[in-house]
Structure formats: structure tokens, C-alpha cells
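Structure data follow from my_file_38.txt (compact mmCIF, C-alpha atoms):
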```
# COMPACT_ATOMS: atom_id res chain seq x y z
CA MET N 33 15.00 -22.35 -101.33
CA VAL N 34 12.96 -21.61 -104.47
CA ASP N 35 14.79 -18.31 -104.98
CA GLY N 36 17.84 -20.24 -106.26
CA PRO N 37 16.11 -21.89 -109.23
CA ALA N 38 14.14 -18.69 -109.93
CA LEU N 39 17.32 -16.64 -110.00
CA ALA N 40 19.02 -19.26 -112.20
CA LEU N 41 16.16 -19.02 -114.71
CA SER N 42 16.34 -15.23 -114.60
CA TRP N 43 20.10 -15.23 -115.16
CA LEU N 44 20.43 -18.06 -117.66
CA THR N 45 17.32 -17.69 -119.84
CA VAL N 46 15.04 -15.02 -121.30
CA LEU N 47 12.09 -16.34 -119.33
CA PRO N 48 10.37 -13.44 -117.52
CA VAL N 49 11.14 -14.77 -114.05
CA PRO N 50 11.25 -11.96 -111.46
CA VAL N 51 14.36 -11.53 -109.37
CA PRO N 52 13.68 -12.59 -105.77
CA HIS N 53 12.71 -9.81 -103.38
CA GLY N 54 15.44 -8.49 -101.13
CA GLY N 55 18.15 -8.25 -103.78
CA ILE N 56 20.86 -10.69 -104.81
CA ASP N 57 23.44 -11.67 -102.24
CA ARG N 58 26.13 -14.33 -102.34
CA ALA N 59 23.91 -16.94 -100.65
CA ARG N 60 21.23 -16.58 -103.32
CA ALA N 61 23.85 -16.52 -106.05
CA ARG N 62 25.30 -19.77 -104.67
CA ARG N 63 21.88 -21.44 -104.85
CA ALA N 64 21.36 -20.12 -108.38
CA ILE N 65 24.63 -21.63 -109.59
CA PHE N 66 23.69 -24.89 -107.87
CA SER N 67 20.50 -24.88 -109.99
CA ALA N 68 22.27 -24.11 -113.27
CA PRO N 69 22.46 -27.75 -114.55
CA ALA N 70 18.68 -28.12 -114.10
CA VAL N 71 18.20 -25.01 -116.24
CA GLY N 72 20.57 -26.56 -118.75
CA ALA N 73 18.44 -29.70 -118.88
CA LEU N 74 15.39 -27.51 -119.57
CA LEU N 75 17.20 -25.72 -122.40
CA GLY N 76 18.46 -29.05 -123.73
CA ALA N 77 14.95 -30.47 -123.77
CA ALA N 78 13.74 -27.42 -125.68
CA ALA N 79 16.58 -27.81 -128.19
CA ALA N 80 15.82 -31.51 -128.62
CA GLY N 81 12.14 -30.72 -129.14
CA PHE N 82 12.95 -28.18 -131.83
CA LEU N 83 15.38 -30.52 -133.57
CA TRP N 84 12.79 -33.31 -133.59
CA CYS N 85 10.24 -30.99 -135.20
CA ALA N 86 12.80 -29.67 -137.68
CA VAL N 87 13.96 -33.04 -138.99
CA THR N 88 10.39 -34.35 -138.98
CA VAL N 89 9.24 -31.60 -141.36
CA GLY N 90 12.22 -32.21 -143.62
CA LEU N 91 14.94 -29.72 -142.69
CA THR N 92 18.44 -31.00 -143.30
CA PRO N 93 20.30 -31.93 -140.09
CA THR N 94 22.92 -29.24 -140.69
CA LEU N 95 20.33 -26.49 -141.07
CA ALA N 96 18.36 -27.80 -138.10
CA GLY N 97 21.49 -27.79 -135.95
CA LEU N 98 22.42 -24.27 -137.01
CA ILE N 99 18.96 -22.94 -136.16
CA ALA N 100 19.01 -24.79 -132.84
CA VAL N 101 22.26 -23.08 -131.89
CA GLY N 102 20.76 -19.74 -132.84
CA LEU N 103 17.68 -20.42 -130.75
CA LEU N 104 19.80 -21.40 -127.77
CA ALA N 105 21.69 -18.12 -128.12
CA LEU N 106 18.40 -16.23 -128.22
CA ALA N 107 17.08 -18.17 -125.24
CA THR N 108 20.11 -17.10 -123.21
CA ARG N 109 20.23 -13.48 -124.45
CA GLY N 110 23.49 -14.24 -126.24
CA MET N 111 25.33 -13.75 -122.95
CA HIS N 112 27.33 -16.96 -123.16
CA VAL N 113 28.44 -16.28 -126.74
CA ASP N 114 29.49 -12.79 -125.69
CA GLY N 115 31.38 -14.26 -122.75
CA LEU N 116 33.14 -16.69 -125.06
CA ALA N 117 34.25 -13.86 -127.33
CA ASP N 118 35.47 -11.65 -124.49
CA THR N 119 37.32 -14.49 -122.76
CA VAL N 120 39.16 -15.60 -125.88
CA ASP N 121 40.17 -12.01 -126.66
CA GLY N 122 41.42 -11.62 -123.08
CA LEU N 123 43.43 -14.82 -123.28
CA GLY N 124 44.87 -13.77 -126.61
CA CYS N 125 46.18 -10.39 -125.54
CA TYR N 126 49.57 -9.55 -124.06
CA GLY N 127 50.16 -7.78 -120.80
CA PRO N 128 49.23 -8.23 -117.14
CA PRO N 129 45.81 -9.32 -115.85
CA GLU N 130 44.64 -5.71 -115.74
CA ARG N 131 45.27 -5.36 -119.47
CA ALA N 132 43.46 -8.62 -120.23
CA LEU N 133 40.42 -7.50 -118.21
CA GLU N 134 40.44 -4.15 -120.01
CA VAL N 135 40.34 -5.95 -123.36
CA MET N 136 37.47 -8.13 -122.13
CA ARG N 137 35.47 -5.06 -121.09
CA SER N 138 36.06 -3.21 -124.35
CA GLY N 139 32.95 -4.65 -126.00
CA GLY N 140 34.56 -5.41 -129.35
CA ALA N 141 35.30 -8.76 -130.93
CA GLY N 142 38.85 -9.32 -132.13
CA PRO N 143 40.15 -11.98 -134.53
CA PHE N 144 40.61 -14.54 -131.75
CA ALA N 145 37.00 -14.07 -130.67
CA VAL N 146 35.63 -14.36 -134.19
CA ALA N 147 37.63 -17.52 -134.89
CA ALA N 148 36.54 -19.10 -131.61
CA MET N 149 32.87 -18.32 -132.23
CA VAL N 150 32.95 -19.67 -135.77
CA VAL N 151 34.67 -22.90 -134.75
CA LEU N 152 32.81 -23.64 -131.50
CA LEU N 153 29.34 -22.60 -132.66
CA GLY N 154 29.92 -24.39 -135.94
CA CYS N 155 30.89 -27.53 -134.05
CA GLN N 156 27.75 -27.21 -131.93
CA ALA N 157 25.54 -26.84 -135.00
CA LEU N 158 27.04 -29.77 -136.90
CA ALA N 159 27.14 -32.05 -133.86
CA LEU N 160 23.57 -31.27 -132.75
CA GLY N 161 22.39 -31.77 -136.32
CA GLY N 162 24.17 -35.12 -136.49
CA LEU N 163 22.66 -36.24 -133.20
CA ALA N 164 19.21 -35.21 -134.41
CA ASP N 165 19.70 -37.09 -137.66
CA ALA N 166 20.42 -40.21 -135.59
CA SER N 167 17.41 -39.52 -133.31
CA ARG N 168 19.68 -39.31 -130.26
CA TRP N 169 17.59 -36.86 -128.26
CA THR N 170 19.05 -37.81 -124.88
CA ALA N 171 22.50 -36.87 -126.12
CA VAL N 172 21.24 -33.41 -127.11
CA VAL N 173 19.73 -32.80 -123.67
CA VAL N 174 22.81 -34.09 -121.86
CA ALA N 175 25.23 -32.03 -123.96
CA VAL N 176 23.41 -28.77 -123.18
CA ALA N 177 22.99 -29.68 -119.51
CA VAL N 178 26.65 -30.63 -119.09
CA GLY N 179 27.55 -27.14 -120.28
CA ARG N 180 25.73 -25.77 -117.23
CA ALA N 181 27.15 -28.45 -114.92
CA ALA N 182 30.54 -27.14 -115.97
CA VAL N 183 29.55 -23.75 -114.52
CA VAL N 184 29.22 -25.41 -111.11
CA ILE N 185 32.72 -26.84 -111.55
CA ALA N 186 34.04 -23.42 -112.58
CA CYS N 187 32.64 -21.84 -109.39
CA ARG N 188 34.31 -24.35 -107.09
CA ARG N 189 35.89 -23.40 -103.80
CA GLY N 190 39.38 -21.98 -104.20
CA ILE N 191 38.60 -20.01 -107.38
CA ALA N 192 38.61 -16.27 -106.73
CA PRO N 193 36.82 -13.52 -108.66
CA ALA N 194 38.92 -11.34 -110.94
CA THR N 195 37.26 -8.25 -109.45
CA PRO N 196 35.39 -7.91 -106.14
CA GLY N 197 32.21 -6.63 -107.75
CA GLY N 198 30.22 -7.94 -110.67
CA PHE N 199 28.95 -11.41 -111.41
CA GLY N 200 32.24 -13.13 -110.70
CA GLY N 201 32.33 -11.64 -107.23
CA LEU N 202 28.94 -13.17 -106.46
CA VAL N 203 29.58 -16.71 -107.65
CA ALA N 204 33.33 -17.46 -107.77
CA GLY N 205 34.35 -19.97 -105.13
CA SER N 206 30.75 -20.52 -104.04
CA GLN N 207 30.34 -24.25 -104.71
CA PRO N 208 31.62 -26.84 -102.21
CA ALA N 209 33.13 -30.17 -103.20
CA ALA N 210 29.96 -32.08 -102.29
CA VAL N 211 27.94 -30.09 -104.84
CA LEU N 212 30.56 -30.67 -107.53
CA ALA N 213 30.50 -34.40 -106.82
CA ALA N 214 26.71 -34.57 -106.85
CA TRP N 215 26.29 -32.84 -110.21
CA THR N 216 29.19 -34.76 -111.73
CA LEU N 217 27.58 -38.07 -110.71
CA ALA N 218 24.22 -36.88 -112.04
CA ALA N 219 25.78 -35.93 -115.38
CA VAL N 220 27.63 -39.24 -115.60
CA ALA N 221 24.43 -41.16 -114.85
CA ALA N 222 22.45 -39.27 -117.50
CA SER N 223 25.21 -39.76 -120.06
CA LEU N 224 24.95 -43.56 -119.80
CA PHE N 225 22.13 -43.30 -122.36
CA ALA N 226 23.78 -40.70 -124.63
CA VAL N 227 25.52 -43.18 -126.94
CA PRO N 228 23.38 -46.23 -127.76
CA GLY N 229 25.27 -49.51 -127.60
CA ARG N 230 28.29 -47.88 -125.91
CA MET N 231 27.21 -47.03 -122.38
CA TRP N 232 30.80 -46.31 -121.34
CA GLN N 233 31.34 -43.55 -123.89
CA GLY N 234 29.01 -40.95 -122.40
CA PRO N 235 30.48 -41.12 -118.88
CA VAL N 236 34.02 -40.98 -120.26
CA VAL N 237 33.14 -37.87 -122.26
CA VAL N 238 31.53 -36.17 -119.27
CA VAL N 239 34.44 -36.89 -116.93
CA VAL N 240 37.03 -35.71 -119.46
CA VAL N 241 35.08 -32.54 -120.31
CA LEU N 242 34.52 -31.60 -116.68
CA ALA N 243 38.18 -32.26 -115.92
CA ALA N 244 39.05 -29.93 -118.80
CA THR N 245 36.79 -27.33 -117.19
CA VAL N 246 38.89 -27.53 -114.03
CA ALA N 247 42.06 -26.95 -116.04
CA PHE N 248 40.58 -24.16 -118.16
CA THR N 249 39.17 -22.19 -115.26
CA ALA N 250 42.41 -22.57 -113.32
CA HIS N 251 44.26 -21.15 -116.31
CA CYS N 252 41.80 -18.24 -116.59
CA ALA N 253 42.15 -17.56 -112.88
CA ARG N 254 45.93 -17.32 -113.28
CA ARG N 255 45.69 -15.18 -116.41
CA PHE N 256 43.01 -12.77 -115.18
CA GLY N 257 43.67 -12.87 -111.45
CA GLY N 258 40.39 -14.76 -110.98
CA ILE N 259 37.31 -15.57 -113.01
CA THR N 260 34.55 -13.35 -114.39
CA GLY N 261 31.08 -13.90 -115.75
CA ASP N 262 32.62 -13.94 -119.23
CA VAL N 263 34.72 -16.97 -118.28
CA LEU N 264 31.55 -18.82 -117.27
CA GLY N 265 30.02 -18.05 -120.66
CA ALA N 266 33.10 -19.42 -122.39
CA VAL N 267 32.91 -22.53 -120.22
CA ILE N 268 29.30 -23.14 -121.24
CA GLU N 269 29.78 -22.71 -124.98
CA GLY N 270 33.02 -24.67 -125.10
CA THR N 271 31.70 -27.52 -123.00
CA VAL N 272 28.51 -27.89 -125.04
CA ALA N 273 30.53 -27.98 -128.27
CA ILE N 274 33.08 -30.53 -127.07
CA THR N 275 30.47 -32.76 -125.41
CA ALA N 276 28.16 -32.79 -128.43
CA VAL N 277 31.02 -33.54 -130.82
CA ALA N 278 32.34 -36.32 -128.60
CA PHE N 279 28.89 -37.90 -128.45
CA THR N 280 28.90 -38.21 -132.25
CA LEU N 281 32.09 -40.30 -132.33
```
So, in terms of C-alpha cells, how does the structure I just supplied come out?
Amino acid sequence: MVDGPALALSWLTVLPVPVPHGGIDRARARRAIFSAPAVGALLGAAAAGFLWCAVTVGLTPTLAGLIAVGLLALATRGMHVDGLADTVDGLGCYGPPERALEVMRSGGAGPFAVAAMVVLLGCQALALGGLADASRWTAVVVAVAVGRAAVVIACRRGIAPATPGGFGGLVAGSQPAAVLAAWTLAAVAASLFAVPGRMWQGPVVVVVVLAATVAFTAHCARRFGGITGDVLGAVIEGTVAITAVAFTL
């Protein structure tokens, strides 16, 4: 069972974790996606630790938040940001699913992608900086972790891959309802402490954001004929941004 978390670390971070022997099959991919929120909590803790150090030495919250977002991108090889860009460009193009997938594979970044990256990464930076300024470290950890919990939601049963091969083919439709419920409850429980004095706000944010993930991935599945690894990257970046901003309200 340890190959799931190891594979999740290998996929979702730059940590030099070796891929399990015997190759990657759908069973191992399913366990890796199941472990994704735990990896998100690890990344969130690292981001909170950096932000604490940054504001302690006197960096402005805005600058600290911007650097934290950059470090998170480095820690994940920039894959999620790339996925965000490709997904938005695919959604913004005309034509059938085949045309949208061709645009996503082109490697460039169109105006939709640039606008989405500026807005969402800017929201992440400002929100994380604001949370750090208020010493709300739990909220930082939860926001980053919820982004990875959303990946579990995106890989729920009934969601097909856009193409048989590739990352989407390994993970799409791999997570049963019991796993979705377990991680949703865990995220809701952790979010009780995200907004001091308003214990209801964190759970409401988590439930709304994860429900939005269901709607977004269903839309992507209709538009692309299924989901891809790029869609999961977009889910992560969008969810982190929305959750962090909502925690500042």
C-alpha cells in the first residue's frame, strides 16, 4: 500500500521519490490519487512555514504571498499551472472535442490562458499573503490541501478519460463514492479551524468549492469527451485560489 503515497509524491512534487517497481498500472494510479490530499497538506505546511518566516523577517504580505505561489509552482514542477493554461485555452476554442484537445496539446499559451494565470495566481498570492498577515496558518494549509482533495473529486466514478492513454486514462473514474465522502469530511473537519471565530465559514467554503469541482469537471468531460491531466491541474490551481480567497472574507 505504500506505493500509492510514493507515487503521489513522485507525481505531485519534485521530491526525488522513485517510481514503484513494476511500472504504473491503474490500481497504483488509483492509490496515488487517493493519497493526493495528504501530499497537498504537506505542500500547504511547507507554504505556511515559508510565509511565517517571510513575514517574521519583514517581507510585506503581498510579496511573501507572491513568492509562496512561485515556490509552490517550483515544488510541483509547474505542471498544475501548465494544466491550467492548457485547459483554459481548450475551453476557449471553437470546434469539436478533437479540436479542443489539439489546442491543449499545442504547448503554447493563448490570451485566455494568460488571463487565467494572471487572475488565479494573483488571487492565490494576495490571499495567501493576507492569511499570513493575519497569522492564519491553518487556513493556508487547508487551502492548498483542498486543491488536492478536489483532484479526488475530479477522478470520481463516471468520469471518463478524454483519450485512452496518458495520465487521464490512468486516473479518470478511479475514485469510488466512499473515498470522495471520506476526503470531503476530512477537509470539512480541518476547515473548522480555518476562520477564527466563524467555525461555520470554513466548512461552507469547502463544500461549495468541491461542489464547483463536480460541475467544472463535468463540463470539461462534455467539452473534451472526458478529462485529461491538464484538467486536474486546472482543478488544483482554481480550487486553491477560490478557497484561499474565500477564507479571507
* Residues at most 9 Å from N:Ala219, counting all atoms listed in the file, excluding those fewer than 2 positions away in the same chain, as a PyMOL selection string? -> chain N and resi 69+174+177-178+181+214-217+221-224+235+238-239
* Find the residues near N:Ala273: any atom within 7 Å, counting only C-alpha atoms, skip ones fewer than 4 places away on the same chain, and give them as a ChimeraX atom specification. => /N:152,155-156,269,277
* Residue nearest N:Thr245 among N:Met231, N:Cys125, N:Ala213, N:Ile185 (counting all atoms listed in the file) ->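 Result for the nearest residue to N:Thr245: N:Ile185.
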* Near-stretch 196-212 of chain N list (8 Å; all atoms listed in the file; drop same-chain fewer than 2 positions) as a list in words ->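 Once the adjacent positions are removed, what remains is Asp57, Arg58, Ala61, Arg62, Ile65, Phe66, Val184, Ile185, Ala186, Cys187, Arg188, Arg189, Gly190, Ile191, Ala192, Pro193, Ala194, Ala214, Trp215, Thr216, Ile259, Thr260 and Gly261 of chain N.
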* Please work out which residues fall within 8 Å of (32.2, -13.3, -122.8), coordinates as given in the file, with all atoms listed in the file counting, and return them as a PyMOL selection string. => chain N and resi 111-120+136+261-266
* Contacts of N:Gln233 at 10 Å (all atoms listed in the file; same-chain gap of 4+ positions) as a ChimeraX atom specification -> /N:223-229,237-238,278-279,281
* Structure fact -> Between N:Gly36, N:Pro93, N:Gly161, N:Gly140, smallest distance to N:Ala70 by all atoms listed in the file belongs to N:Gly36
* Find the distance between atom CA of N:Arg254 and atom CA of N:Val267 and write it in Å to one decimal. => 15.6 Å
* **Residues within 6 Å of stretch 167-173 of chain N, only C-alpha atoms, excluding chain neighbours under 5 positions, as a ChimeraX atom specification** => /N:73,76-77,80,226
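For the pair atom CA of N:Ile268 and atom CA of N:Arg137, the interatomic distance is 19.1 Å.
In this structure, atom CA of N:Leu83 sits 14.9 Å away from atom CA of N:Ala105.
Each of N:Val240, N:Asp165, N:Pro143, N:Thr275 was compared to N:Thr88 using all atoms listed in the file, and N:Asp165 turns out to be the nearest.
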